[in-house]
Amino acid sequence: MDPAPGSTGSLPGGGTWGVGFRAGVEVVSALVVGVAVGWFLDRWLGTWPWLFLLFFVFGSVAGVLNVYRLFKPRSVGK
Amino acid sequence: MAAEGKTIDALSQFELATVLGPIGSSVGFSQSNAHMLLAAGLITALIMFGMSARAVVPGRLQSLAESSYEFVHDLVLGQVGDEGKRFFPFVFTLFMFVLFGNLLGLLPYAFTFTSHIAVTFALAAVVFVLITVVALMLHGRKFFGYFFPEGAPIWLAPIIIPVEIVSYLSRPVSLSIRLFANMVAGHVMLKVFATFIVLLGGLGAIGPFVAVLPLGVNIALVGFEVLVAFLQAYVFAILTSIYLHDAVHLH
């Protein structure tokens with residue numbers, strides 16, 4: 001990881017490892033949230049395992065979306 | 001402690017223990033809490049003593065206090081825009097607390113409270129509640145349009161809305177996992193290589209010469225960990241600002 005924080009631009013670029021780690025964290029956290037939401041909804045509604053499976057897919061899609069947003073240039077400031 | 005019974009015990013450094021004797025154990029006051037108080041005290045001391053001189057040409061402590069203030073100030077205003085001024089105290093507190101937690105953890109005998117996901121997730125949950133409340137206060141019902149981008153075909157709504165909600169809910173999770181995983185990984189590596197020094201050092205006549213290798217790795221790792229400690233506090237602060245930008249401007 002590079003000592004980028006001198007500038008107040010965007011996120012520090014990091015090396016290859018840094019980028020990979022950040023993408024991995026995004027995917028894993030979206031999956032964790034998806035699985036947790038599905039599991040709790042299932043426990044509440046008694047529909048095990050259907051909502052769990054559905055939200056597992058939603059979690060995977062959200063993970064891919066997070067990684068896409070990570071690399072999409074974003075408008076800073078205004 | 002690390003090399004007891006000739007095994008590598010890298011995780012016992014994260015175990016909580018109560019301090020301050022019977023008083024601490026009766027209220028569950030752990031060394032993690034003690035280090036949090038220490039960090040808060042050090043930050044307050046840095047700002048108060050640093051700024052007490054109010055010199056035009058700052059001394060060492062004053063320039064440290066001023067540069068940390070300006071660093072976070074520029075960061076928040078650069079990301080959020082002019083509306084970011086009112087969130088500056090929040091982000092500054094968050095940044096300094098995480099930074100001092102990371103840096104204090106590198107001192108010998110110290111405990112890294114940012115290496116517990118309970119702590120980092122609590123911090124991230126505060127950020128998450130704040131950005132949601134700010135977005136709801138500024139935009140009211142329009143905030144819920146955030147979960148369905150304009151112009152998307154309406155039949156896609158059953159797919160897009162749950163995905164966007166899961167993506168939104170994953171923000172505090174990724175924020176906390178990133179900080180916690182970085183701190184744990186760094187401290188485990190330090191401990192593993194420190195144990196190698198002890199284990200290889202006891203290897204007879206050639207032991208001390210071989211043990212120099214993990215010692216060199218550990219010296220490099222400590223330097224790397226100082227960088228990671230600063231970088232992770234910076235990432236935490238800048239992601240908070242990015243989320244605040246999204247909350248203030250919606251997209």
# chains A, B, ... in the order shown; residues from 1 in each chain; ligands from 1
>>> closest_atom_pairs(of="chain B", to="chain A", cutoff="7 Å", atoms="only C-alpha atoms", output="JSON lines")
{"residue": "B:Asp74", "atom": "CA", "partner": "A:Thr8", "partner_atom": "CA", "distance": 6.7}
{"residue": "B:Leu75", "atom": "CA", "partner": "A:Thr8", "partner_atom": "CA", "distance": 5.3}
{"residue": "B:Gly78", "atom": "CA", "partner": "A:Gly77", "partner_atom": "CA", "distance": 5.3}
{"residue": "B:Gln79", "atom": "CA", "partner": "A:Gly77", "partner_atom": "CA", "distance": 4.5}
{"residue": "B:Val80", "atom": "CA", "partner": "A:Gly77", "partner_atom": "CA", "distance": 5.2}
{"residue": "B:Gly81", "atom": "CA", "partner": "A:Gly77", "partner_atom": "CA", "distance": 4.7}
{"residue": "B:Pro162", "atom": "CA", "partner": "A:Phe58", "partner_atom": "CA", "distance": 6.7}
{"residue": "B:Val163", "atom": "CA", "partner": "A:Ala62", "partner_atom": "CA", "distance": 5.2}
{"residue": "B:Glu164", "atom": "CA", "partner": "A:Ala62", "partner_atom": "CA", "distance": 6.8}
{"residue": "B:Val166", "atom": "CA", "partner": "A:Gly34", "partner_atom": "CA", "distance": 6.0}
{"residue": "B:Ser167", "atom": "CA", "partner": "A:Ala62", "partner_atom": "CA", "distance": 5.1}
{"residue": "B:Leu169", "atom": "CA", "partner": "A:Val33", "partner_atom": "CA", "distance": 6.8}
{"residue": "B:Ser170", "atom": "CA", "partner": "A:Ala30", "partner_atom": "CA", "distance": 5.0}
{"residue": "B:Val173", "atom": "CA", "partner": "A:Ser29", "partner_atom": "CA", "distance": 5.5}
{"residue": "B:Ser174", "atom": "CA", "partner": "A:Ser29", "partner_atom": "CA", "distance": 5.2}
{"residue": "B:Arg178", "atom": "CA", "partner": "A:Val25", "partner_atom": "CA", "distance": 6.5}
{"residue": "B:Val235", "atom": "CA", "partner": "A:Leu11", "partner_atom": "CA", "distance": 6.8}
>>> residues_around(residues="segment 65-72 of chain B", least_positions_apart="2", cutoff="9 Å", atoms="only C-alpha atoms", output="PDB file with C-alpha atoms, in the first residue's frame")
ATOM      1  CA  GLY A   6      -0.798  13.324   1.465  1.00  0.00           C
ATOM      2  CA  THR A   8      -7.019  14.785   0.016  1.00  0.00           C
TER       3      THR A   8
ATOM      4  CA  LEU B  46      -2.926  16.999  22.355  1.00  0.00           C
ATOM      5  CA  ILE B  47      -5.567  19.509  21.312  1.00  0.00           C
ATOM      6  CA  MET B  48      -5.726  21.385  24.642  1.00  0.00           C
ATOM      7  CA  GLY B  50      -1.171  21.982  21.716  1.00  0.00           C
ATOM      8  CA  MET B  51      -3.434  24.973  21.259  1.00  0.00           C
ATOM      9  CA  PRO B  58       3.619  27.077  16.186  1.00  0.00           C
ATOM     10  CA  ARG B  60       6.007  21.102  17.860  1.00  0.00           C
ATOM     11  CA  LEU B  61       2.836  20.150  19.711  1.00  0.00           C
ATOM     12  CA  GLN B  62       0.840  23.033  18.268  1.00  0.00           C
ATOM     13  CA  SER B  63       1.824  22.239  14.696  1.00  0.00           C
ATOM     14  CA  ASP B  74      -9.574  19.555   4.024  1.00  0.00           C
ATOM     15  CA  LEU B  75     -10.639  15.926   3.727  1.00  0.00           C
ATOM     16  CA  VAL B  76     -14.219  16.558   4.837  1.00  0.00           C
ATOM     17  CA  LEU B  77     -14.677  19.744   2.808  1.00  0.00           C
ATOM     18  CA  PHE B  88     -16.265  18.148  10.700  1.00  0.00           C
ATOM     19  CA  VAL B  91     -15.293  13.024  11.403  1.00  0.00           C
ATOM     20  CA  PHE B  92     -12.388  14.582  13.314  1.00  0.00           C
ATOM     21  CA  PHE B  95     -10.424   9.867  12.749  1.00  0.00           C
ATOM     22  CA  MET B  96      -8.416  10.740  15.859  1.00  0.00           C
ATOM     23  CA  TYR B 234      -7.634   7.747   6.908  1.00  0.00           C
ATOM     24  CA  ALA B 237     -12.552   8.930   7.796  1.00  0.00           C
ATOM     25  CA  ILE B 238     -12.716   9.318   4.023  1.00  0.00           C
TER      26      ILE B 238
END
>>> decode(residues="segment 15-40 of chain A", atoms="N, CA and C atoms", output="CSV table (one decimal), in the first residue's frame")
chain,number,residue,atom,x,y,z
A,15,GLY,N,-1.6,-0.9,-3.5
A,15,GLY,CA,-1.0,-1.7,-4.5
A,15,GLY,C,-2.1,-2.7,-5.0
A,16,THR,N,-1.6,-3.7,-5.7
A,16,THR,CA,-2.5,-4.7,-6.2
A,16,THR,C,-3.2,-5.4,-5.0
A,17,TRP,N,-2.4,-5.7,-4.0
A,17,TRP,CA,-3.0,-6.3,-2.8
A,17,TRP,C,-4.1,-5.5,-2.1
A,18,GLY,N,-3.8,-4.2,-2.1
A,18,GLY,CA,-4.8,-3.3,-1.4
A,18,GLY,C,-6.1,-3.3,-2.2
A,19,VAL,N,-6.0,-3.2,-3.5
A,19,VAL,CA,-7.2,-3.2,-4.4
A,19,VAL,C,-8.0,-4.5,-4.2
A,20,GLY,N,-7.3,-5.6,-4.3
A,20,GLY,CA,-7.9,-6.9,-4.1
A,20,GLY,C,-8.6,-7.1,-2.8
A,21,PHE,N,-7.9,-6.6,-1.7
A,21,PHE,CA,-8.4,-6.8,-0.4
A,21,PHE,C,-9.7,-6.0,-0.3
A,22,ARG,N,-9.7,-4.7,-0.8
A,22,ARG,CA,-10.9,-3.9,-0.7
A,22,ARG,C,-12.1,-4.5,-1.5
A,23,ALA,N,-11.8,-5.0,-2.7
A,23,ALA,CA,-12.9,-5.7,-3.4
A,23,ALA,C,-13.4,-6.9,-2.7
A,24,GLY,N,-12.5,-7.7,-2.1
A,24,GLY,CA,-12.9,-8.8,-1.3
A,24,GLY,C,-13.8,-8.5,-0.2
A,25,VAL,N,-13.4,-7.4,0.6
A,25,VAL,CA,-14.2,-7.0,1.7
A,25,VAL,C,-15.6,-6.5,1.3
A,26,GLU,N,-15.7,-5.8,0.1
A,26,GLU,CA,-17.0,-5.4,-0.3
A,26,GLU,C,-17.9,-6.6,-0.6
A,27,VAL,N,-17.3,-7.6,-1.3
A,27,VAL,CA,-18.1,-8.8,-1.7
A,27,VAL,C,-18.6,-9.5,-0.5
A,28,VAL,N,-17.6,-9.7,0.4
A,28,VAL,CA,-17.9,-10.5,1.6
A,28,VAL,C,-19.0,-9.8,2.5
A,29,SER,N,-18.8,-8.5,2.7
A,29,SER,CA,-19.8,-7.8,3.5
A,29,SER,C,-21.2,-7.8,2.9
A,30,ALA,N,-21.3,-7.6,1.6
A,30,ALA,CA,-22.6,-7.7,0.9
A,30,ALA,C,-23.2,-9.1,1.1
A,31,LEU,N,-22.4,-10.1,1.0
A,31,LEU,CA,-22.9,-11.5,1.1
A,31,LEU,C,-23.4,-11.7,2.6
A,32,VAL,N,-22.6,-11.2,3.5
A,32,VAL,CA,-22.9,-11.4,4.9
A,32,VAL,C,-24.3,-10.7,5.2
A,33,VAL,N,-24.5,-9.5,4.7
A,33,VAL,CA,-25.7,-8.8,4.9
A,33,VAL,C,-26.9,-9.5,4.3
A,34,GLY,N,-26.7,-10.0,3.0
A,34,GLY,CA,-27.7,-10.7,2.3
A,34,GLY,C,-28.2,-11.9,3.0
A,35,VAL,N,-27.2,-12.7,3.4
A,35,VAL,CA,-27.5,-14.0,4.1
A,35,VAL,C,-28.2,-13.7,5.4
A,36,ALA,N,-27.7,-12.7,6.2
A,36,ALA,CA,-28.3,-12.4,7.5
A,36,ALA,C,-29.7,-11.9,7.3
A,37,VAL,N,-30.0,-11.0,6.3
A,37,VAL,CA,-31.4,-10.6,6.1
A,37,VAL,C,-32.3,-11.7,5.7
A,38,GLY,N,-31.8,-12.6,4.8
A,38,GLY,CA,-32.6,-13.7,4.4
A,38,GLY,C,-32.9,-14.7,5.5
A,39,TRP,N,-31.9,-14.9,6.3
A,39,TRP,CA,-32.1,-15.9,7.5
A,39,TRP,C,-33.1,-15.3,8.5
A,40,PHE,N,-33.0,-14.0,8.8
A,40,PHE,CA,-33.9,-13.5,9.8
A,40,PHE,C,-35.3,-13.4,9.2
